[in-house]
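Shown next: start00.txt, given as compact mmCIF, C-alpha atoms.
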```txt
# COMPACT_ATOMS: atom_id res chain seq x y z
CA MET A 1 0.00 0.00 0.00
CA VAL A 2 1.48 3.26 -1.10
CA ARG A 3 2.72 5.31 1.89
CA ILE A 4 0.75 3.07 4.24
CA GLY A 5 2.97 0.02 4.64
CA THR A 6 5.58 1.73 6.78
CA LEU A 7 6.97 0.32 10.03
CA PRO A 8 4.28 1.33 12.58
CA PHE A 9 1.48 0.07 10.35
CA ARG A 10 3.27 -3.23 9.74
CA LEU A 11 3.92 -3.74 13.44
CA LEU A 12 0.27 -3.05 14.22
CA CYS A 13 -0.90 -5.59 11.65
CA LEU A 14 1.45 -8.18 13.12
CA GLU A 15 0.20 -7.38 16.60
CA TYR A 16 -3.35 -8.03 15.41
CA GLY A 17 -2.42 -11.39 13.88
CA ALA A 18 -0.93 -10.98 10.41
CA ASP A 19 1.43 -13.80 9.43
CA LEU A 20 3.48 -11.68 7.07
CA VAL A 21 3.62 -8.00 6.09
CA TRP A 22 4.91 -6.43 2.90
CA THR A 23 6.71 -3.10 2.81
CA SER A 24 5.58 -0.32 0.54
CA GLU A 25 7.23 -0.62 -2.87
CA ILE A 26 10.80 0.66 -2.69
CA ILE A 27 12.63 1.44 -5.92
CA ASP A 28 16.05 -0.19 -6.38
CA LYS A 29 18.05 3.03 -6.84
CA SER A 30 16.51 4.62 -3.75
CA ILE A 31 17.86 1.94 -1.39
CA VAL A 32 21.21 1.27 -3.06
CA GLY A 33 23.87 3.26 -1.23
CA ALA A 34 21.72 3.89 1.84
CA THR A 35 23.42 3.91 5.22
CA ARG A 36 22.17 1.44 7.84
CA GLU A 37 21.74 2.92 11.32
CA VAL A 38 20.39 1.31 14.50
CA ASP A 39 18.69 3.35 17.20
CA GLU A 40 19.96 2.00 20.52
CA LYS A 41 16.89 3.07 22.47
CA SER A 42 14.15 1.72 20.22
CA GLY A 43 16.02 -0.89 18.23
CA VAL A 44 14.68 0.60 15.00
CA ILE A 45 16.89 -0.05 11.98
CA SER A 46 16.90 2.79 9.46
CA TYR A 47 18.29 2.86 5.94
CA ILE A 48 19.06 6.52 5.37
CA LYS A 49 19.92 8.33 2.18
CA ARG A 50 20.26 12.11 1.78
CA ASP A 51 19.17 12.46 5.42
CA LYS A 52 15.84 10.72 4.74
CA ASP A 53 14.56 7.34 5.89
CA VAL A 54 14.20 5.17 2.80
CA PHE A 55 13.28 2.05 4.76
CA THR A 56 12.85 1.38 8.47
CA THR A 57 12.35 -1.92 10.21
CA HIS A 58 12.63 -3.51 13.65
CA PRO A 59 14.08 -6.84 14.80
CA SER A 60 10.63 -7.88 16.05
CA GLU A 61 9.39 -8.12 12.44
CA LYS A 62 12.55 -9.69 11.01
CA GLU A 63 10.92 -13.09 10.37
CA LYS A 64 7.68 -11.55 9.13
CA VAL A 65 8.52 -8.68 6.79
CA VAL A 66 8.88 -8.99 3.02
CA PHE A 67 10.75 -6.24 1.19
CA GLN A 68 8.76 -5.22 -1.87
CA LEU A 69 11.08 -4.16 -4.67
CA GLY A 70 10.40 -2.01 -7.69
CA THR A 71 12.97 -2.62 -10.43
CA ALA A 72 13.51 -3.22 -14.12
CA ASP A 73 17.18 -4.21 -13.95
CA PRO A 74 18.54 -7.58 -12.71
CA ASP A 75 21.83 -6.19 -11.41
CA LEU A 76 20.27 -3.22 -9.62
CA ALA A 77 17.60 -5.51 -8.22
CA LEU A 78 20.18 -7.77 -6.61
CA GLU A 79 22.23 -4.85 -5.30
CA ALA A 80 19.13 -3.35 -3.71
CA ALA A 81 18.02 -6.67 -2.22
CA LYS A 82 21.48 -7.43 -0.83
CA THR A 83 21.42 -4.05 0.90
CA VAL A 84 18.55 -5.09 3.18
CA GLU A 85 18.86 -8.89 3.06
CA LYS A 86 19.92 -9.37 6.66
CA ASP A 87 16.95 -7.43 8.02
CA VAL A 88 14.03 -9.00 6.11
CA SER A 89 12.52 -12.45 5.66
CA GLY A 90 12.08 -12.25 1.90
CA VAL A 91 12.12 -10.07 -1.20
CA ASP A 92 9.10 -9.62 -3.45
CA LEU A 93 9.31 -8.40 -7.05
CA ASN A 94 6.45 -6.03 -7.84
CA CYS A 95 5.07 -6.94 -11.27
CA GLY A 96 1.56 -5.66 -10.73
CA CYS A 97 1.57 -1.88 -10.28
CA PRO A 98 -0.28 -0.39 -13.30
CA LYS A 99 0.48 3.26 -12.58
CA LYS A 100 2.49 5.53 -14.84
CA PHE A 101 5.22 6.24 -12.30
CA SER A 102 6.04 2.54 -12.27
CA VAL A 103 5.38 1.28 -15.80
CA SER A 104 7.07 4.27 -17.44
CA GLY A 105 10.33 3.00 -15.98
CA GLY A 106 9.70 -0.55 -17.14
CA MET A 107 8.74 -1.65 -13.63
CA GLY A 108 5.54 -3.00 -12.12
CA ALA A 109 2.94 -4.27 -14.58
CA ALA A 110 5.25 -3.37 -17.48
CA LEU A 111 7.33 -6.41 -16.59
CA MET A 112 4.42 -8.69 -17.44
CA SER A 113 4.76 -7.55 -21.05
CA ASP A 114 8.49 -8.28 -20.95
CA PRO A 115 8.67 -11.82 -19.51
CA ASP A 116 12.33 -12.26 -20.46
CA ARG A 117 13.33 -9.30 -18.32
CA LEU A 118 10.92 -10.29 -15.54
CA CYS A 119 12.34 -13.81 -15.33
CA ALA A 120 15.93 -12.57 -15.59
CA ILE A 121 15.35 -10.39 -12.52
CA LEU A 122 13.81 -13.26 -10.58
CA GLU A 123 16.60 -15.65 -11.52
CA LYS A 124 19.21 -13.10 -10.43
CA LEU A 125 17.49 -12.64 -7.08
CA VAL A 126 16.91 -16.35 -6.45
CA GLN A 127 20.53 -17.22 -7.24
CA GLY A 128 22.04 -14.27 -5.39
CA LEU A 129 20.04 -14.20 -2.14
CA ASP A 130 19.91 -16.50 0.88
CA ILE A 131 16.30 -15.58 1.65
CA PRO A 132 13.08 -16.48 -0.23
CA VAL A 133 12.11 -14.55 -3.34
CA THR A 134 8.47 -14.05 -4.30
CA CYS A 135 6.61 -12.31 -7.07
CA LYS A 136 3.26 -10.58 -7.47
CA ILE A 137 1.46 -10.26 -10.80
CA ARG A 138 -1.93 -9.50 -12.28
CA VAL A 139 -3.74 -11.55 -14.89
CA PHE A 140 -3.96 -11.00 -18.62
CA ASP A 141 -7.31 -10.92 -20.38
CA ASP A 142 -6.20 -14.10 -22.13
CA VAL A 143 -6.15 -17.18 -19.89
CA ASP A 144 -3.50 -19.05 -21.89
CA GLN A 145 -1.18 -16.05 -21.88
CA THR A 146 -1.51 -15.87 -18.10
CA LEU A 147 -0.75 -19.56 -17.65
CA GLN A 148 2.25 -19.35 -19.93
CA LEU A 149 3.65 -16.49 -17.85
CA VAL A 150 3.13 -18.17 -14.49
CA ARG A 151 4.86 -21.31 -15.73
CA ARG A 152 7.92 -19.28 -16.66
CA ILE A 153 7.85 -17.41 -13.36
CA ALA A 154 7.60 -20.63 -11.34
CA ALA A 155 10.57 -22.08 -13.23
CA THR A 156 12.83 -19.31 -11.85
CA GLY A 157 12.75 -20.93 -8.42
CA ILE A 158 10.62 -18.43 -6.51
CA SER A 159 9.10 -19.47 -3.19
CA ALA A 160 5.56 -18.14 -3.70
CA LEU A 161 3.43 -16.34 -6.25
CA THR A 162 0.78 -13.72 -5.42
CA VAL A 163 -1.89 -13.05 -8.02
CA HIS A 164 -3.96 -9.89 -7.96
CA CYS A 165 -7.09 -11.14 -9.66
CA ARG A 166 -7.55 -8.10 -11.87
CA THR A 167 -6.04 -7.12 -15.20
CA ARG A 168 -3.73 -4.16 -15.57
CA ALA A 169 -6.61 -2.03 -16.88
CA MET A 170 -9.08 -2.87 -14.10
CA ARG A 171 -9.75 -0.46 -11.25
CA PRO A 172 -10.34 -1.31 -7.57
CA SER A 173 -14.07 -0.58 -8.03
CA GLU A 174 -14.32 -3.51 -10.44
CA LYS A 175 -14.86 -6.88 -8.82
CA ALA A 176 -11.76 -9.05 -8.56
CA MET A 177 -11.95 -12.17 -10.71
CA TRP A 178 -11.25 -14.86 -8.15
CA TYR A 179 -12.22 -17.58 -10.59
CA ARG A 180 -9.14 -16.80 -12.65
CA LEU A 181 -6.99 -18.25 -9.87
CA ASN A 182 -8.34 -21.78 -10.23
CA ASP A 183 -6.38 -22.60 -13.38
CA ILE A 184 -3.21 -21.03 -11.96
CA VAL A 185 -3.42 -23.14 -8.80
CA LYS A 186 -3.85 -26.28 -10.91
CA GLU A 187 -0.96 -25.25 -13.15
CA LEU A 188 1.39 -24.80 -10.16
CA PRO A 189 0.62 -27.64 -7.72
CA ASP A 190 3.96 -27.39 -5.91
CA LEU A 191 4.09 -23.60 -5.50
CA PRO A 192 2.19 -21.63 -2.85
CA VAL A 193 -0.26 -19.35 -4.66
CA ILE A 194 -1.66 -16.35 -2.79
CA LEU A 195 -4.89 -14.64 -3.78
CA ASN A 196 -5.11 -10.85 -3.71
CA GLY A 197 -8.19 -8.73 -4.41
CA ASP A 198 -11.42 -7.95 -2.54
CA ILE A 199 -10.52 -9.41 0.84
CA PHE A 200 -12.47 -7.19 3.20
CA GLU A 201 -13.75 -9.47 5.97
CA HIS A 202 -12.19 -12.31 7.90
CA SER A 203 -14.85 -14.59 6.48
CA ASP A 204 -13.54 -13.83 2.99
CA VAL A 205 -10.36 -15.76 3.77
CA GLN A 206 -11.81 -19.23 3.93
CA ARG A 207 -14.29 -18.45 1.17
CA ALA A 208 -11.44 -17.46 -1.12
CA ARG A 209 -9.56 -20.66 -0.33
CA ASP A 210 -12.61 -22.81 -0.89
CA GLU A 211 -13.49 -21.16 -4.20
CA THR A 212 -10.00 -21.01 -5.69
CA GLY A 213 -7.73 -23.50 -3.95
CA ALA A 214 -5.38 -20.66 -2.99
CA THR A 215 -2.77 -21.40 -0.36
CA SER A 216 -3.51 -18.14 1.37
CA VAL A 217 -4.74 -14.60 0.80
CA MET A 218 -3.38 -11.07 0.84
CA THR A 219 -5.24 -7.88 1.69
CA ALA A 220 -4.35 -4.23 1.25
CA ARG A 221 -7.44 -2.02 1.27
CA GLY A 222 -9.06 -4.17 3.94
CA ALA A 223 -6.15 -3.62 6.29
CA GLU A 224 -5.85 0.03 5.35
CA GLU A 225 -9.41 0.67 6.44
CA ASN A 226 -8.97 -1.23 9.70
CA PRO A 227 -5.74 -3.10 10.49
CA SER A 228 -7.51 -5.13 13.17
CA ILE A 229 -9.02 -7.13 10.31
CA PHE A 230 -6.40 -9.73 11.21
CA ARG A 231 -7.94 -10.42 14.63
CA VAL A 232 -9.68 -13.79 14.76
CA GLN A 233 -11.82 -12.40 17.58
CA GLY A 234 -13.18 -9.66 15.33
CA LYS A 235 -12.29 -6.11 14.41
CA LEU A 236 -11.78 -3.31 16.90
CA SER A 237 -13.07 0.19 16.33
CA VAL A 238 -11.07 2.25 13.86
CA MET A 239 -10.38 4.86 16.54
CA GLU A 240 -8.92 2.25 18.88
CA THR A 241 -6.58 1.05 16.15
CA ALA A 242 -5.70 4.65 15.25
CA VAL A 243 -4.62 5.38 18.81
CA ALA A 244 -2.53 2.20 18.84
CA LEU A 245 -0.93 3.21 15.54
CA THR A 246 -0.06 6.65 16.90
CA LYS A 247 1.75 5.10 19.87
CA LEU A 248 3.72 2.77 17.61
CA ALA A 249 4.61 5.68 15.34
CA VAL A 250 5.99 7.59 18.32
CA GLN A 251 7.84 4.55 19.66
CA THR A 252 9.51 3.99 16.28
CA SER A 253 9.95 7.70 15.51
CA ASN A 254 8.16 7.31 12.21
CA VAL A 255 8.25 10.31 9.90
CA PHE A 256 5.49 12.64 11.11
CA ILE A 257 4.01 13.43 7.71
CA ASN A 258 3.67 9.71 6.95
CA THR A 259 1.98 8.98 10.28
CA LYS A 260 -0.45 11.83 9.71
CA TYR A 261 -1.24 10.56 6.21
CA ILE A 262 -2.04 7.07 7.52
CA LEU A 263 -4.24 8.37 10.33
CA LEU A 264 -6.19 10.68 8.05
CA LYS A 265 -6.88 7.80 5.68
CA MET A 266 -8.06 5.62 8.56
CA TYR A 267 -10.17 8.26 10.30
CA PRO A 268 -13.85 7.27 10.23
CA ASP A 269 -15.47 10.68 10.63
CA THR A 270 -13.94 13.36 8.42
CA LYS A 271 -16.45 15.97 9.61
CA SER A 272 -15.68 15.62 13.32
CA LYS A 273 -13.89 18.20 15.44
CA SER A 274 -11.15 15.70 16.31
CA PHE A 275 -10.48 15.08 12.61
CA GLU A 276 -10.15 18.82 12.08
CA ILE A 277 -7.66 19.06 14.94
CA LEU A 278 -5.68 16.11 13.59
CA ASN A 279 -5.73 17.58 10.10
CA LYS A 280 -4.26 20.84 11.41
CA SER A 281 -1.55 19.17 13.48
CA ARG A 282 2.00 20.10 12.49
CA SER A 283 4.01 18.15 15.03
CA TYR A 284 3.85 14.93 17.00
CA LYS A 285 2.93 16.96 20.08
CA GLN A 286 -0.17 18.33 18.36
CA MET A 287 -1.00 14.96 16.83
CA CYS A 288 -0.87 13.25 20.22
CA GLU A 289 -3.12 15.94 21.66
CA ALA A 290 -5.63 15.29 18.86
CA MET A 291 -5.52 11.54 19.57
CA GLY A 292 -5.96 11.96 23.35
CA LEU A 293 -2.35 11.02 24.06
CA THR A 294 -1.05 14.26 25.59
CA GLU A 295 0.23 12.62 28.77
CA TYR A 296 1.84 9.79 26.79
CA TYR A 297 3.67 12.27 24.60
CA GLU A 298 4.88 14.39 27.51
CA THR A 299 6.11 11.46 29.59
CA GLU A 300 7.49 9.20 26.86
CA GLY A 301 7.03 10.42 23.32
CA VAL A 302 9.05 13.60 23.61
CA HIS A 303 12.12 11.50 24.39
CA LEU A 304 11.63 9.14 21.43
CA ILE A 305 11.09 11.35 18.39
CA HIS A 306 14.12 12.02 16.19
CA GLU A 307 14.70 15.46 14.72
CA ARG A 308 14.39 14.17 11.15
CA SER A 309 10.98 12.65 11.95
CA GLU A 310 9.38 16.00 12.68
CA PRO A 311 8.56 18.49 9.89
CA SER A 312 10.89 21.49 9.85
CA LYS A 313 12.49 20.41 13.11
CA THR A 314 9.40 20.96 15.21
CA ARG A 315 10.29 18.48 17.90
CA ILE A 316 9.47 19.86 21.34
CA LYS A 317 12.36 19.10 23.66
CA PRO A 318 11.92 18.59 27.43
CA GLY A 319 11.93 21.84 29.37
CA LYS A 320 11.39 24.10 26.35
CA GLN A 321 8.35 26.23 25.61
CA PRO A 322 6.59 24.66 22.63
CA GLN A 323 4.73 27.66 21.23
CA ALA A 324 7.72 29.52 19.84
CA THR A 325 9.06 26.41 18.14
CA GLU A 326 5.69 25.56 16.64
CA ASN A 327 5.08 29.10 15.40
CA ALA A 328 8.52 29.21 13.81
CA CYS A 329 7.70 26.25 11.57
CA LYS A 330 4.04 27.06 10.98
CA ARG A 331 4.40 28.78 7.65
CA LYS A 332 6.83 26.21 6.28
CA SER A 333 4.60 23.26 7.16
CA GLU A 334 1.28 24.87 6.20
CA GLU A 335 1.50 24.00 2.52
CA GLN A 336 2.68 20.47 3.27
CA ASP A 337 -0.24 20.08 5.63
CA LYS A 338 -2.69 21.16 2.94
CA ILE A 339 -1.28 18.60 0.53
CA VAL A 340 -1.66 15.80 3.07
CA ALA A 341 -5.19 16.86 3.85
CA GLN A 342 -6.12 16.83 0.18
CA ASP A 343 -4.54 13.40 -0.34
CA SER A 344 -6.26 12.04 2.71
CA ASN A 345 -9.69 13.36 1.89
CA SER A 346 -9.50 11.97 -1.62
CA ALA A 347 -8.57 8.59 -0.28
CA ILE A 348 -11.39 8.13 2.22
CA PRO A 349 -13.32 5.08 0.98
CA GLU A 350 -16.86 5.77 -0.13
CA GLU A 351 -18.00 2.28 0.76
CA PRO A 352 -18.35 1.10 4.36
CA ALA A 353 -15.10 -0.27 5.73
CA LYS A 354 -14.78 -3.99 5.28
CA THR A 355 -11.77 -6.20 5.81
CA GLY A 356 -10.22 -9.64 5.67
CA THR A 357 -7.05 -11.61 6.38
CA VAL A 358 -5.44 -14.91 6.80
CA GLN A 359 -3.21 -14.40 9.75
CA GLN A 360 -1.95 -16.26 12.74
CA ALA A 361 -1.47 -14.27 15.92
CA VAL A 362 2.08 -13.45 16.91
CA PRO A 363 3.41 -12.03 20.19
CA GLN A 364 2.59 -8.35 20.54
CA GLN A 365 5.36 -5.94 19.66
CA GLY A 366 5.73 -2.73 20.36
CA SER A 367 9.11 7.56 5.14
CA GLY A 368 7.37 6.06 2.36
CA SER A 369 7.81 6.81 -1.35
CA GLU A 370 5.64 9.48 -2.92
CA THR A 371 2.96 8.13 -5.19
CA ASN A 372 -0.74 8.43 -5.88
CA PRO A 373 -2.79 7.53 -2.77
CA GLU A 374 -5.43 5.96 -5.01
CA LEU A 375 -3.13 3.01 -5.56
CA ALA A 376 -4.09 1.25 -2.33
CA GLU A 377 -4.56 -2.40 -3.21
CA THR A 378 -4.12 -1.89 -6.93
CA THR A 379 -0.47 -0.95 -6.58
CA ASP A 380 0.69 -4.20 -5.07
CA VAL A 381 2.42 -2.13 -2.52
CA ALA A 382 0.88 -4.01 0.22
CA GLU A 383 1.98 -2.69 3.48
CA ALA A 384 -0.29 -4.93 5.21
CA HIS A 385 -0.49 -8.05 3.16
CA ALA A 386 -1.72 -11.22 4.77
CA ALA A 387 -0.25 -14.51 3.68
CA LYS A 388 0.86 -17.92 4.81
CA ARG A 389 4.49 -18.28 5.64
CA LEU A 390 6.79 -18.42 2.62
CA LYS A 391 8.06 -21.79 1.58
CA ALA A 392 11.65 -22.05 2.82
```

Write out the structure in this file as structure tokens.
Amino acid sequence: MVRIGTLPFRLLCLEYGADLVWTSEIIDKSIVGATREVDEKSGVISYIKRDKDVFTTHPSEKEKVVFQLGTADPDLALEAAKTVEKDVSGVDLNCGCPKKFSVSGGMGAALMSDPDRLCAILEKLVQGLDIPVTCKIRVFDDVDQTLQLVRRIAATGISALTVHCRTRAMRPSEKAMWYRLNDIVKELPDLPVILNGDIFEHSDVQRARDETGATSVMTARGAEENPSIFRVQGKLSVMETAVALTKLAVQTSNVFINTKYILLKMYPDTKSKSFEILNKSRSYKQMCEAMGLTEYYETEGVHLIHERSEPSKTRIKPGKQPQATENACKRKSEEQDKIVAQDSNSAIPEEPAKTGTVQQAVPQQGSGSETNPELAETTDVAEAHAAKRLKA
């Protein structure tokens, strides 16, 4: 999920029961050359380039997180994957994103039209990494063309294949074609096949398996609307999950503007006073106040937030008067705040929030690339993908 699948969101999904989580799509050149830093207090591992966090993770998700890679070059793909190999459980090649920013560079869904390049990348990754390699695709209109492609992909030695049951031209509003997975599952009896598309309720998980024979399922929009979709006991209120996300964001010093974006997309009532306060927040201090976490911020949060996580260095340090600092950055952050608000409002789902997963609970624990927020599930950037464990 574009700009959603960052560290605090992934940790929250794992806390609620996700088996695996995918990062947002990270382009090969953006991670190559990044410096790896470990925060001694929080344990957060950051890959930093040009003083910005390209990718952050935590040891608690090491066995659960799959690094989703955007690439069109075998050598760059391997260099990027080797950069983060020791901190992730697998690498996934994104071959499903249909958006211009991806396909114009020969990445994403463009790779499906260039199977030689696609398979060369997978072979390079499989041969060069000591962790599992997976791939996510869409389907072609033509069934035989789809089956021919999946046979070639499986022959590269990947550990699992995820299929978004829509074509490149289909939008999220169009019903996913689950039935298209049946032939793929039969074609690849020895490879775990994961269904993606229209998983909105926990009950959808078993239904999808029964109807398609899929090994497991993956959800993006379902988790985005309410990450507690992974709870076997049932979903919590969106506000309860939003508060939990805010705490995790503070604990991991997630980039403020990314945390705000996620919360605004999750927020159930865009006309409420609390939404207005959150929308106007320009620092973690103000965000925590909007989320009813003032005491938490003052006693713990203020000591955890890094300078680079706050916009325009708005971090409020212990013992300092906050107003002067906040006023000093107000004008600089105003325009950025408007952009986030516009993105968020455009991304609020029109349909009632639904969800779905296929997760097994794990012990409780506990920025993103710029792209179009409409991508959600369609972009394969599944920040909160649910799936069975990868085949070793």

* Asked: Leaving out range 83-90 of chain A and any residue of its chain fewer than 5 positions from it, which residues lie within 12 Å of it when counting only C-alpha atoms, given as a PyMOL selection string?
  -> chain A and resi 19-23+26+28-38+44-48+54-69+76-78+125-126+128-135+158-160+389-392

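The nearest approach to Val2 in chain A among the residues A:Ala72, A:Leu236, A:Cys119, A:Ala220, with all atoms listed in the file taken into account, belongs to A:Ala220.
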
* Which of A:Val243, A:Leu304, A:Val250, A:Val193 sits closest to Ala290 in chain A [using only C-alpha atoms] -> A:Val243

May I have the protein, DNA and RNA residues with any atom at most 6 Å from the point (-3.4, -19.9, -14.7), counting all atoms listed in the file, written as a tab-separated table (two decimals) with C-alpha atoms, keeping the file's coordinate frame?
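To be explicit, this is the file written out as point_20.tsv:
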```
chain	number	residue	atom	x	y	z
A	146	THR	CA	-1.51	-15.87	-18.10
A	147	LEU	CA	-0.75	-19.56	-17.65
A	183	ASP	CA	-6.38	-22.60	-13.38
A	184	ILE	CA	-3.21	-21.03	-11.96
```

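Taking all atoms listed in the file into account, Phe140 in chain A lies nearest to A:Met170 out of the set A:Gln127, A:Met170, A:Ala242, A:Ile153.
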
* Shortest interatomic distance to Asp116 in chain A - which of A:Thr252, A:Thr156, A:Thr167, A:Ser281, counting only C-alpha atoms -> A:Thr156

* To do: Compute the distance from (4.6, 17.5, 25.2) to each atom, counting all atoms listed in the file, keep the residues with any atom at most 7 Å away, and return them as a ChimeraX atom specification; use the coordinates of the file.
  => /A:285,294,297-298,302,316

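Atom to atom, CA of Glu174 in chain A and CA of Pro98 in chain A stand 14.7 Å apart.
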
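Interatomic distance, CA of Asp142 in chain A to CA of Met177 in chain A: 12.9 Å.
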
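Atom to atom, CA of Thr241 in chain A and CA of Ser228 in chain A stand 6.9 Å apart.
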
Residue rebuild result range 176-195 of chain A, N, CA, C and O atoms as a compact mmCIF listing (two decimals), in the frame of the given file:
```txt
# COMPACT_ATOMS: atom_id res chain seq x y z
N ALA A 176 -12.89 -8.18 -8.28
CA ALA A 176 -11.76 -9.05 -8.56
C ALA A 176 -12.27 -10.40 -9.09
O ALA A 176 -13.28 -10.93 -8.64
N MET A 177 -11.55 -10.93 -10.05
CA MET A 177 -11.95 -12.17 -10.71
C MET A 177 -11.29 -13.37 -10.03
O MET A 177 -10.33 -13.96 -10.52
N TRP A 178 -11.82 -13.75 -8.89
CA TRP A 178 -11.25 -14.86 -8.15
C TRP A 178 -11.17 -16.13 -8.99
O TRP A 178 -10.23 -16.92 -8.86
N TYR A 179 -12.15 -16.34 -9.81
CA TYR A 179 -12.22 -17.58 -10.59
C TYR A 179 -11.00 -17.77 -11.49
O TYR A 179 -10.68 -18.91 -11.87
N ARG A 180 -10.32 -16.69 -11.81
CA ARG A 180 -9.14 -16.80 -12.65
C ARG A 180 -7.98 -17.50 -11.95
O ARG A 180 -7.01 -17.93 -12.58
N LEU A 181 -8.08 -17.62 -10.63
CA LEU A 181 -6.99 -18.25 -9.87
C LEU A 181 -7.04 -19.77 -9.96
O LEU A 181 -6.01 -20.44 -9.80
N ASN A 182 -8.20 -20.32 -10.22
CA ASN A 182 -8.34 -21.78 -10.23
C ASN A 182 -7.36 -22.47 -11.16
O ASN A 182 -6.66 -23.43 -10.78
N ASP A 183 -7.28 -21.99 -12.39
CA ASP A 183 -6.38 -22.60 -13.38
C ASP A 183 -4.91 -22.42 -12.99
O ASP A 183 -4.08 -23.30 -13.24
N ILE A 184 -4.59 -21.28 -12.37
CA ILE A 184 -3.21 -21.03 -11.96
C ILE A 184 -2.80 -21.99 -10.85
O ILE A 184 -1.70 -22.56 -10.86
N VAL A 185 -3.70 -22.21 -9.89
CA VAL A 185 -3.42 -23.14 -8.80
C VAL A 185 -3.19 -24.55 -9.35
O VAL A 185 -2.27 -25.26 -8.93
N LYS A 186 -4.01 -24.95 -10.31
CA LYS A 186 -3.85 -26.28 -10.91
C LYS A 186 -2.55 -26.38 -11.71
O LYS A 186 -1.92 -27.43 -11.76
N GLU A 187 -2.17 -25.27 -12.33
CA GLU A 187 -0.96 -25.25 -13.15
C GLU A 187 0.31 -25.33 -12.30
O GLU A 187 1.34 -25.83 -12.76
N LEU A 188 0.22 -24.86 -11.04
CA LEU A 188 1.39 -24.80 -10.16
C LEU A 188 1.12 -25.56 -8.86
O LEU A 188 1.06 -24.96 -7.77
N PRO A 189 0.99 -26.88 -8.91
CA PRO A 189 0.62 -27.64 -7.72
C PRO A 189 1.64 -27.61 -6.60
O PRO A 189 1.30 -27.85 -5.43
N ASP A 190 2.91 -27.34 -6.92
CA ASP A 190 3.96 -27.39 -5.91
C ASP A 190 4.38 -26.00 -5.41
O ASP A 190 5.32 -25.88 -4.61
N LEU A 191 3.72 -24.95 -5.89
CA LEU A 191 4.09 -23.60 -5.50
C LEU A 191 2.95 -22.93 -4.74
O LEU A 191 1.81 -22.92 -5.21
N PRO A 192 3.23 -22.37 -3.56
CA PRO A 192 2.19 -21.63 -2.85
C PRO A 192 1.68 -20.46 -3.70
O PRO A 192 2.47 -19.66 -4.20
N VAL A 193 0.36 -20.41 -3.88
CA VAL A 193 -0.26 -19.35 -4.66
C VAL A 193 -1.17 -18.54 -3.73
O VAL A 193 -2.05 -19.10 -3.07
N ILE A 194 -0.96 -17.24 -3.70
CA ILE A 194 -1.66 -16.35 -2.79
C ILE A 194 -2.63 -15.48 -3.57
O ILE A 194 -2.25 -14.85 -4.55
N LEU A 195 -3.87 -15.45 -3.13
CA LEU A 195 -4.89 -14.64 -3.78
C LEU A 195 -4.88 -13.22 -3.22
O LEU A 195 -4.81 -13.02 -2.01
```
